[in-house]
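A.B. asks: So that you have it, the file is work_25.pdb, and it contains PDB, C-alpha atoms and all ligand atoms:
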ATOM      1  CA  MET A   1      20.748  86.928  -2.398
ATOM      2  CA  ASP A   2      19.613  88.613  -5.633
ATOM      3  CA  ARG A   3      18.747  86.582  -8.687
ATOM      4  CA  PRO A   4      21.895  86.254 -10.842
ATOM      5  CA  PHE A   5      21.494  87.950 -14.216
ATOM      6  CA  SER A   6      23.182  87.462 -17.576
ATOM      7  CA  GLN A   7      22.465  90.003 -20.319
ATOM      8  CA  ALA A   8      23.921  87.542 -22.865
ATOM      9  CA  CYS A   9      21.212  85.032 -21.916
ATOM     10  CA  GLU A  10      18.508  87.627 -22.499
ATOM     11  CA  ASN A  11      20.034  88.435 -25.889
ATOM     12  CA  ASN A  12      20.668  84.912 -27.167
ATOM     13  CA  ARG A  13      17.624  83.008 -25.875
ATOM     14  CA  GLY A  14      15.340  84.158 -28.755
ATOM     15  CA  PRO A  15      17.762  83.290 -31.586
ATOM     16  CA  ILE A  16      18.550  79.925 -29.929
ATOM     17  CA  LEU A  17      14.856  79.087 -29.602
ATOM     18  CA  GLU A  18      14.246  80.057 -33.223
ATOM     19  CA  VAL A  19      16.755  77.421 -34.379
ATOM     20  CA  LEU A  20      15.827  74.729 -31.862
ATOM     21  CA  GLU A  21      12.033  74.994 -31.756
ATOM     22  CA  PRO A  22      11.355  73.118 -35.025
ATOM     23  CA  LEU A  23      13.821  70.402 -33.981
ATOM     24  CA  ILE A  24      12.636  69.854 -30.414
ATOM     25  CA  ARG A  25       8.927  70.694 -30.473
ATOM     26  CA  ASP A  26       8.099  66.969 -30.316
ATOM     27  CA  LYS A  27      10.714  66.090 -27.692
ATOM     28  CA  THR A  28       9.630  65.457 -24.121
ATOM     29  CA  CYS A  29      12.618  65.191 -21.807
ATOM     30  CA  ALA A  30      15.591  67.602 -21.737
ATOM     31  CA  LEU A  31      18.730  67.831 -19.613
ATOM     32  CA  GLU A  32      20.598  71.126 -19.473
ATOM     33  CA  ILE A  33      24.310  70.931 -18.593
ATOM     34  CA  GLY A  34      25.662  74.047 -16.857
ATOM     35  CA  SER A  35      22.386  75.944 -16.395
ATOM     36  CA  GLY A  36      24.338  78.926 -15.013
ATOM     37  CA  THR A  37      21.889  81.582 -13.852
ATOM     38  CA  GLY A  38      18.843  79.486 -14.834
ATOM     39  CA  GLN A  39      17.577  82.074 -17.314
ATOM     40  CA  HIS A  40      17.689  79.721 -20.317
ATOM     41  CA  ALA A  41      15.860  77.056 -18.343
ATOM     42  CA  VAL A  42      12.886  79.242 -17.388
ATOM     43  CA  TRP A  43      12.669  80.582 -20.948
ATOM     44  CA  PHE A  44      12.771  77.219 -22.733
ATOM     45  CA  ALA A  45      10.384  75.646 -20.228
ATOM     46  CA  GLN A  46       7.871  78.463 -20.812
ATOM     47  CA  GLN A  47       8.198  78.349 -24.583
ATOM     48  CA  LEU A  48       8.182  74.540 -24.883
ATOM     49  CA  PRO A  49       5.588  73.355 -22.352
ATOM     50  CA  GLN A  50       5.657  69.745 -23.640
ATOM     51  CA  LEU A  51       9.344  69.449 -22.709
ATOM     52  CA  VAL A  52      10.323  68.543 -19.137
ATOM     53  CA  TRP A  53      13.463  70.599 -18.518
ATOM     54  CA  GLN A  54      15.970  69.241 -15.997
ATOM     55  CA  THR A  55      18.400  71.926 -14.854
ATOM     56  CA  SER A  56      21.888  71.042 -13.615
ATOM     57  CA  ASP A  57      25.156  72.665 -12.664
ATOM     58  CA  LEU A  58      27.938  72.639 -10.134
ATOM     59  CA  PRO A  59      26.396  73.008  -6.637
ATOM     60  CA  GLN A  60      27.587  76.618  -6.184
ATOM     61  CA  ASN A  61      25.126  77.759  -8.889
ATOM     62  CA  HIS A  62      22.069  75.948  -7.538
ATOM     63  CA  ALA A  63      20.818  78.743  -5.250
ATOM     64  CA  GLY A  64      20.709  81.216  -8.141
ATOM     65  CA  ILE A  65      18.986  78.738 -10.455
ATOM     66  CA  ARG A  66      16.379  78.051  -7.755
ATOM     67  CA  LEU A  67      15.661  81.798  -7.464
ATOM     68  CA  TRP A  68      14.873  81.927 -11.201
ATOM     69  CA  LEU A  69      12.687  78.823 -10.956
ATOM     70  CA  GLU A  70      10.764  80.426  -8.069
ATOM     71  CA  HIS A  71      10.497  83.732  -9.959
ATOM     72  CA  GLN A  72       9.182  82.164 -13.193
ATOM     73  CA  PRO A  73       7.824  78.742 -12.302
ATOM     74  CA  SER A  74       6.666  76.275 -14.938
ATOM     75  CA  PRO A  75       5.209  72.836 -14.250
ATOM     76  CA  ASN A  76       7.757  71.287 -16.618
ATOM     77  CA  LEU A  77      10.829  72.792 -14.873
ATOM     78  CA  ARG A  78      12.930  70.601 -12.600
ATOM     79  CA  PRO A  79      15.178  71.968  -9.822
ATOM     80  CA  PRO A  80      18.924  71.641 -10.376
ATOM     81  CA  ILE A  81      20.840  68.433  -9.897
ATOM     82  CA  ALA A  82      24.577  68.449  -9.213
ATOM     83  CA  LEU A  83      26.256  67.493 -12.468
ATOM     84  CA  ASP A  84      30.000  67.996 -12.862
ATOM     85  CA  MET A  85      31.629  66.900 -16.121
ATOM     86  CA  LEU A  86      34.793  66.123 -14.151
ATOM     87  CA  ALA A  87      32.973  63.767 -11.766
ATOM     88  CA  ASP A  88      31.004  60.599 -12.241
ATOM     89  CA  SER A  89      27.719  62.139 -11.119
ATOM     90  CA  TRP A  90      25.338  61.511 -14.005
ATOM     91  CA  PRO A  91      21.757  60.586 -13.109
ATOM     92  CA  ASP A  92      20.404  57.170 -14.004
ATOM     93  CA  ALA A  93      18.145  58.620 -16.711
ATOM     94  CA  ASN A  94      17.887  59.071 -20.460
ATOM     95  CA  TYR A  95      16.843  62.166 -22.408
ATOM     96  CA  ASP A  96      15.723  63.012 -25.916
ATOM     97  CA  VAL A  97      17.390  66.443 -25.716
ATOM     98  CA  ILE A  98      20.616  67.473 -23.997
ATOM     99  CA  TYR A  99      21.384  71.189 -24.153
ATOM    100  CA  SER A 100      24.420  73.147 -23.043
ATOM    101  CA  ALA A 101      25.329  76.793 -23.641
ATOM    102  CA  ASN A 102      28.673  78.476 -23.121
ATOM    103  CA  THR A 103      30.190  75.619 -21.173
ATOM    104  CA  ALA A 104      32.722  73.926 -23.499
ATOM    105  CA  HIS A 105      35.152  76.878 -23.300
ATOM    106  CA  ILE A 106      34.767  77.138 -19.515
ATOM    107  CA  MET A 107      35.244  73.558 -18.320
ATOM    108  CA  PRO A 108      38.617  71.820 -18.780
ATOM    109  CA  TRP A 109      39.079  69.875 -22.038
ATOM    110  CA  GLN A 110      38.821  66.650 -20.029
ATOM    111  CA  GLY A 111      35.337  67.823 -19.014
ATOM    112  CA  VAL A 112      34.417  68.296 -22.670
ATOM    113  CA  ILE A 113      35.684  64.776 -23.439
ATOM    114  CA  ASN A 114      33.636  63.360 -20.558
ATOM    115  CA  MET A 115      30.594  65.404 -21.544
ATOM    116  CA  PHE A 116      30.461  63.916 -25.051
ATOM    117  CA  ALA A 117      31.049  60.375 -23.801
ATOM    118  CA  GLN A 118      28.230  60.695 -21.258
ATOM    119  CA  VAL A 119      25.888  62.481 -23.665
ATOM    120  CA  GLY A 120      26.329  59.526 -26.011
ATOM    121  CA  LEU A 121      25.305  57.187 -23.212
ATOM    122  CA  HIS A 122      22.357  59.234 -21.903
ATOM    123  CA  LEU A 123      20.732  60.330 -25.168
ATOM    124  CA  LEU A 124      17.967  58.131 -26.507
ATOM    125  CA  PRO A 125      18.313  57.022 -30.145
ATOM    126  CA  GLY A 126      17.209  59.966 -32.292
ATOM    127  CA  GLY A 127      17.835  62.330 -29.369
ATOM    128  CA  LEU A 128      19.609  65.641 -29.939
ATOM    129  CA  PHE A 129      22.653  67.233 -28.341
ATOM    130  CA  CYS A 130      22.571  71.022 -28.755
ATOM    131  CA  LEU A 131      25.767  72.911 -27.911
ATOM    132  CA  TYR A 132      25.899  76.703 -28.070
ATOM    133  CA  GLY A 133      28.950  78.958 -27.866
ATOM    134  CA  PRO A 134      31.965  80.333 -29.741
ATOM    135  CA  MET A 135      34.017  77.869 -31.856
ATOM    136  CA  GLY A 136      37.250  77.824 -33.782
ATOM    137  CA  TYR A 137      37.584  76.033 -37.125
ATOM    138  CA  ALA A 138      40.716  74.149 -38.246
ATOM    139  CA  GLY A 139      42.748  75.917 -35.584
ATOM    140  CA  VAL A 140      41.551  79.397 -36.521
ATOM    141  CA  ILE A 141      39.543  81.559 -34.132
ATOM    142  CA  ALA A 142      37.767  84.507 -35.724
ATOM    143  CA  PRO A 143      36.846  87.346 -35.721
ATOM    144  CA  GLN A 144      39.060  89.586 -33.581
ATOM    145  CA  SER A 145      36.492  89.805 -30.759
ATOM    146  CA  ASN A 146      36.577  85.995 -30.373
ATOM    147  CA  ILE A 147      40.420  86.020 -30.434
ATOM    148  CA  GLN A 148      40.337  88.566 -27.606
ATOM    149  CA  PHE A 149      37.732  86.545 -25.718
ATOM    150  CA  ASP A 150      39.885  83.404 -26.066
ATOM    151  CA  GLN A 151      42.961  85.287 -24.764
ATOM    152  CA  HIS A 152      40.920  86.673 -21.879
ATOM    153  CA  LEU A 153      39.748  83.152 -20.952
ATOM    154  CA  ARG A 154      43.267  81.690 -21.099
ATOM    155  CA  GLN A 155      44.600  84.522 -18.913
ATOM    156  CA  GLN A 156      41.879  83.845 -16.362
ATOM    157  CA  ALA A 157      42.618  80.106 -16.222
ATOM    158  CA  ALA A 158      44.861  77.896 -18.355
ATOM    159  CA  HIS A 159      42.167  75.210 -18.688
ATOM    160  CA  MET A 160      39.686  77.556 -20.379
ATOM    161  CA  GLY A 161      39.599  78.536 -24.024
ATOM    162  CA  ILE A 162      37.527  78.468 -27.198
ATOM    163  CA  ARG A 163      37.404  74.916 -28.564
ATOM    164  CA  ASP A 164      37.904  73.776 -32.124
ATOM    165  CA  PHE A 165      34.887  72.452 -33.979
ATOM    166  CA  HIS A 166      36.851  69.612 -35.567
ATOM    167  CA  ALA A 167      38.165  68.330 -32.224
ATOM    168  CA  ILE A 168      34.662  68.605 -30.769
ATOM    169  CA  ASN A 169      33.096  66.800 -33.696
ATOM    170  CA  ARG A 170      35.613  63.947 -33.341
ATOM    171  CA  LEU A 171      34.346  63.477 -29.767
ATOM    172  CA  ALA A 172      30.812  63.493 -31.125
ATOM    173  CA  LEU A 173      31.589  60.821 -33.739
ATOM    174  CA  ASP A 174      33.156  58.626 -31.034
ATOM    175  CA  ALA A 175      29.898  58.950 -29.075
ATOM    176  CA  ASP A 176      27.717  57.924 -32.070
ATOM    177  CA  LEU A 177      26.504  61.479 -32.546
ATOM    178  CA  VAL A 178      25.899  62.592 -36.124
ATOM    179  CA  LEU A 179      26.147  66.311 -36.903
ATOM    180  CA  LEU A 180      22.762  67.603 -38.103
ATOM    181  CA  ASP A 181      23.551  71.294 -38.272
ATOM    182  CA  ASP A 182      26.147  73.940 -37.478
ATOM    183  CA  ASN A 183      24.243  77.212 -37.208
ATOM    184  CA  ALA A 184      25.846  80.661 -37.289
ATOM    185  CA  MET A 185      24.407  82.713 -34.438
ATOM    186  CA  PRO A 186      24.558  86.385 -33.414
ATOM    187  CA  ALA A 187      27.681  87.698 -31.664
ATOM    188  CA  ASN A 188      29.938  85.167 -33.451
ATOM    189  CA  ASN A 189      28.543  82.127 -31.697
ATOM    190  CA  ARG A 190      27.549  78.752 -33.134
ATOM    191  CA  LEU A 191      24.719  76.400 -32.322
ATOM    192  CA  LEU A 192      25.764  72.814 -33.066
ATOM    193  CA  VAL A 193      23.157  70.070 -33.175
ATOM    194  CA  TRP A 194      23.979  66.354 -33.235
ATOM    195  CA  GLU A 195      21.611  63.390 -33.402
ATOM    196  CA  LYS A 196      22.223  60.154 -31.529
ATOM    197  CA  ALA A 197      22.372  57.353 -34.051
TER     198      ALA A 197
HETATM  199  C1  LIG B 201      29.671  80.877 -18.847
HETATM  200  S1  LIG B 201      28.660  79.905 -17.811
HETATM  201  C2  LIG B 201      27.289  79.572 -18.897
HETATM  202  C3  LIG B 201      26.004  79.426 -18.154
HETATM  203  C4  LIG B 201      24.748  79.353 -19.007
HETATM  204  N1  LIG B 201      24.630  78.070 -19.663
HETATM  205  C5  LIG B 201      24.709  80.487 -19.981
HETATM  206  O1  LIG B 201      24.697  80.251 -21.191
HETATM  207  O2  LIG B 201      24.679  81.622 -19.531
HETATM  208  C6  LIG B 201      29.522  78.359 -17.728
HETATM  209  C7  LIG B 201      28.810  77.300 -16.941
HETATM  210  O3  LIG B 201      29.550  76.087 -17.014
HETATM  211  C8  LIG B 201      29.490  75.483 -15.759
HETATM  212  N2  LIG B 201      30.591  74.541 -15.586
HETATM  213  C9  LIG B 201      31.901  74.828 -15.437
HETATM  214  N3  LIG B 201      32.605  73.706 -15.231
HETATM  215  C10 LIG B 201      31.723  72.682 -15.260
HETATM  216  C11 LIG B 201      31.842  71.281 -15.095
HETATM  217  N4  LIG B 201      33.018  70.703 -14.838
HETATM  218  N5  LIG B 201      30.724  70.522 -15.180
HETATM  219  C12 LIG B 201      29.535  71.096 -15.426
HETATM  220  N6  LIG B 201      29.353  72.433 -15.587
HETATM  221  C13 LIG B 201      30.441  73.212 -15.495
HETATM  222  C14 LIG B 201      29.563  76.653 -14.807
HETATM  223  O4  LIG B 201      29.189  76.305 -13.490
HETATM  224  C15 LIG B 201      28.654  77.649 -15.470
HETATM  225  O5  LIG B 201      27.318  77.481 -15.108
END
Take the structure in the file and give it back as structure tokens.
Ligand SMILES: C[S@@+](CC[C@H](N)C(=O)[O-])C[C@H]1O[C@@H](n2cnc3c(N)ncnc32)[C@H](O)[C@@H]1O
C.D. replies:
Amino acid sequence: MDRPFSQACENNRGPILEVLEPLIRDKTCALEIGSGTGQHAVWFAQQLPQLVWQTSDLPQNHAGIRLWLEHQPSPNLRPPIALDMLADSWPDANYDVIYSANTAHIMPWQGVINMFAQVGLHLLPGGLFCLYGPMGYAGVIAPQSNIQFDQHLRQQAAHMGIRDFHAINRLALDADLVLLDDNAMPANNRLLVWEKA
């Protein structure tokens, strides 16, 4: 099996780090939800050596993530655990950072609801939840490329689609997460950061 590769990950990892580095340079223990290929994990672990980075995803992605961890090992990288937002499979652990990129529009809405509820339970006070991806605002998706992406997702599977910031932020408030920042990112993405009260 070849290492899975995402060009988007190569493109967005630098801009994401630029925003997150000042916020998480003193944090020590991160959980990534939906590590995908594993490219973000190896990058953040290399760039933030003080931060233990726990990868996770559905089991079918673990082999690919392991290939990236073998290719670019870091002492602070942890092999993937099976973590499904539709199942009750959360580890008995707390984190001061939880990070997830491009997952909220892929998992069913019930998964997003569960994700916020569990993030609220597993983040330490003062811990950060960092969520990257495209967002709509007050029911409006923009620009045209994001409208097309949303249509493409919904054609692929009815449960997928770009989420609305306001609906997402309501889930965050219910989980005692206070919005710190909503950052505009390249390619019409957002990087949302909440702090656990
Ligand atoms: C578009 S990929 C993004 C991967 C990576 N984070 C990135 O930015 O390239 C979506 C990820 O969400 C994960 N995912 C989908 N449904 C999930 C669920 N119910 N629970 C946890 N992860 C899920 C997929 O396995 C996949 O890794």
A.B. asks: Can you turn the PyMOL selection byres (((chain A and resi 95) around 6) and not hetatm) into a concrete residue list for this file, as a tab-separated table (two decimals) with C-alpha atoms, in the frame of the given file?
C.D. replies:
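Final output, selection00.tsv:
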chain	number	residue	atom	x	y	z
A	29	CYS	CA	12.62	65.19	-21.81
A	30	ALA	CA	15.59	67.60	-21.74
A	94	ASN	CA	17.89	59.07	-20.46
A	96	ASP	CA	15.72	63.01	-25.92
A	97	VAL	CA	17.39	66.44	-25.72
A	123	LEU	CA	20.73	60.33	-25.17
A	124	LEU	CA	17.97	58.13	-26.51
A.B. asks: Once you add 5 Å to each side, what are the centre and edge lengths of the axis-aligned box holding all listed atoms of ligand LIG 201 (chain B)? One decimal in Å, as AutoDock Vina command-line options, if you can.
C.D. replies:
--center_x 28.8 --center_y 76.1 --center_z -17.3 --size_x 18.4 --size_y 21.1 --size_z 17.7
A.B. asks: With all atoms listed in the file as the counted atoms, please give the residues lying no more than 10 Å from Leu121 (chain A), apart from itself and same-chain residues fewer than 2 positions off, as a list in words.
C.D. replies: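 Result of the neighbour search: Ala93, Asn94, Tyr95, Met115, Phe116, Ala117, Gln118, Val119, Leu123, Leu124, Pro125, Ala175, Asp176 and Lys196 of chain A.
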A.B. asks: Give the answer as one residue: which of A:Asn169, A:Thr55, A:Gln39, A:Asn114 has the shortest atom-to-atom distance to Gly14 (chain A), using only C-alpha atoms?
C.D. replies: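 Closest candidate: A:Gln39.
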A.B. asks: Residues within 6 Å of ligand LIG 201 (chain B) (only C-alpha atoms and all ligand atoms), as a list in words?
C.D. replies: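 The distance check yields Cys9, Gly34, Ser35, Gly36, Asp57, Leu58, Leu83, Asp84, Met85, Leu86, Ser100, Ala101, Asn102, Thr103, Ile106, Met107 and Gly111 of chain A.
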A.B. asks: Using all atoms listed in the file, pick whichever of A:Arg3, A:Arg190, A:Leu51, A:Gly133 has the shortest atom-to-atom distance to Arg66 (chain A).
C.D. replies: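 Among the listed residues, the smallest separation from Arg66 (chain A) belongs to A:Arg3.
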A.B. asks: Let me know the residues the PyMOL selection byres (((chain A and resi 143-152) around 10) and not hetatm) catches in the file above, as an MDAnalysis selection string.
C.D. replies: chainID A and resid 105 134:136 140:142 153:158 160:163 187:189
A.B. asks: Could you write out as a PyMOL selection string the residues that the PyMOL selection byres (((chain A and resi 11) around 12) and not hetatm) matches in the shown file?
C.D. replies: chain A and resi 5-10+12-17+39-40+43+185-187
A.B. asks: Output the selection as a short mmCIF file (atom, residue, chain, number, x, y, z; two decimals), in the coordinates of the input - C-alpha atoms for each residue.
C.D. replies:
data_model
loop_
_atom_site.label_atom_id
_atom_site.label_comp_id
_atom_site.auth_asym_id
_atom_site.auth_seq_id
_atom_site.Cartn_x
_atom_site.Cartn_y
_atom_site.Cartn_z
CA PHE A 5 21.49 87.95 -14.22
CA SER A 6 23.18 87.46 -17.58
CA GLN A 7 22.46 90.00 -20.32
CA ALA A 8 23.92 87.54 -22.86
CA CYS A 9 21.21 85.03 -21.92
CA GLU A 10 18.51 87.63 -22.50
CA ASN A 12 20.67 84.91 -27.17
CA ARG A 13 17.62 83.01 -25.88
CA GLY A 14 15.34 84.16 -28.76
CA PRO A 15 17.76 83.29 -31.59
CA ILE A 16 18.55 79.92 -29.93
CA LEU A 17 14.86 79.09 -29.60
CA GLN A 39 17.58 82.07 -17.31
CA HIS A 40 17.69 79.72 -20.32
CA TRP A 43 12.67 80.58 -20.95
CA MET A 185 24.41 82.71 -34.44
CA PRO A 186 24.56 86.38 -33.41
CA ALA A 187 27.68 87.70 -31.66
#
A.B. asks: Separation of CA of Leu131 (chain A) and CA of Gln50 (chain A), in Å?
C.D. replies: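 The value is 20.8 Å.
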A.B. asks: Just to confirm, what's the straight-line distance from CA of Gly38 (chain A) to CA of Gly120 (chain A) in Å (one decimal)?
C.D. replies: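 These atoms are spaced 24.1 Å apart.
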A.B. asks: Can you tell me how far CA of Gln72 (chain A) sits from CA of Val19 (chain A), in Å to one decimal?
C.D. replies: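 Distance reported for this atom pair: 23.0 Å.
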A.B. asks: Contacts of Leu177 (chain A) at 7 Å or less, counting all atoms listed in the file, minus same-chain residues fewer than 3 places along, as a list in words?
C.D. replies: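 Contacts, in chain order: Gly120, Ala172, Leu173, Trp194, Glu195, Lys196 and Ala197 of chain A.
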A.B. asks: Only C-alpha atoms, please: the residues just picked out, written as a PDB file, keeping the file's coordinate frame.
C.D. replies:
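Output saved as selection_19.pdb:
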ATOM      1  CA  GLY A 120      26.329  59.526 -26.011  1.00  0.00           C
ATOM      2  CA  ALA A 172      30.812  63.493 -31.125  1.00  0.00           C
ATOM      3  CA  LEU A 173      31.589  60.821 -33.739  1.00  0.00           C
ATOM      4  CA  TRP A 194      23.979  66.354 -33.235  1.00  0.00           C
ATOM      5  CA  GLU A 195      21.611  63.390 -33.402  1.00  0.00           C
ATOM      6  CA  LYS A 196      22.223  60.154 -31.529  1.00  0.00           C
ATOM      7  CA  ALA A 197      22.372  57.353 -34.051  1.00  0.00           C
TER       8      ALA A 197
END
A.B. asks: Can you work out which one of A:Leu128, A:Ala45, A:Ile168, A:Val52 has the shortest atom-to-atom distance to Leu180 (chain A), counting only C-alpha atoms?
C.D. replies: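 Ranked by minimum distance to Leu180 (chain A), first place goes to A:Leu128.
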A.B. asks: From the list A:Ala63, A:Leu171, A:Met1, A:Leu77, which residue is nearest Phe44 (chain A) when using all atoms listed in the file?
C.D. replies: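 The answer is A:Leu77, which sits nearest to Phe44 (chain A).
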A.B. asks: Select, from A:Leu20, A:His71, A:Asp182, A:Tyr99, the residue with the minimum atom-to-atom distance to Trp53 (chain A), counting all atoms listed in the file.
C.D. replies: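 With all atoms listed in the file as the atom set, the closest residue is A:Tyr99.
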A.B. asks: For Asn183 (chain A), which residue among A:Glu18, A:Leu48, A:Trp109, A:Glu32 is the nearest when counting all atoms listed in the file?
C.D. replies: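 Result for the nearest residue to Asn183 (chain A): A:Glu18.
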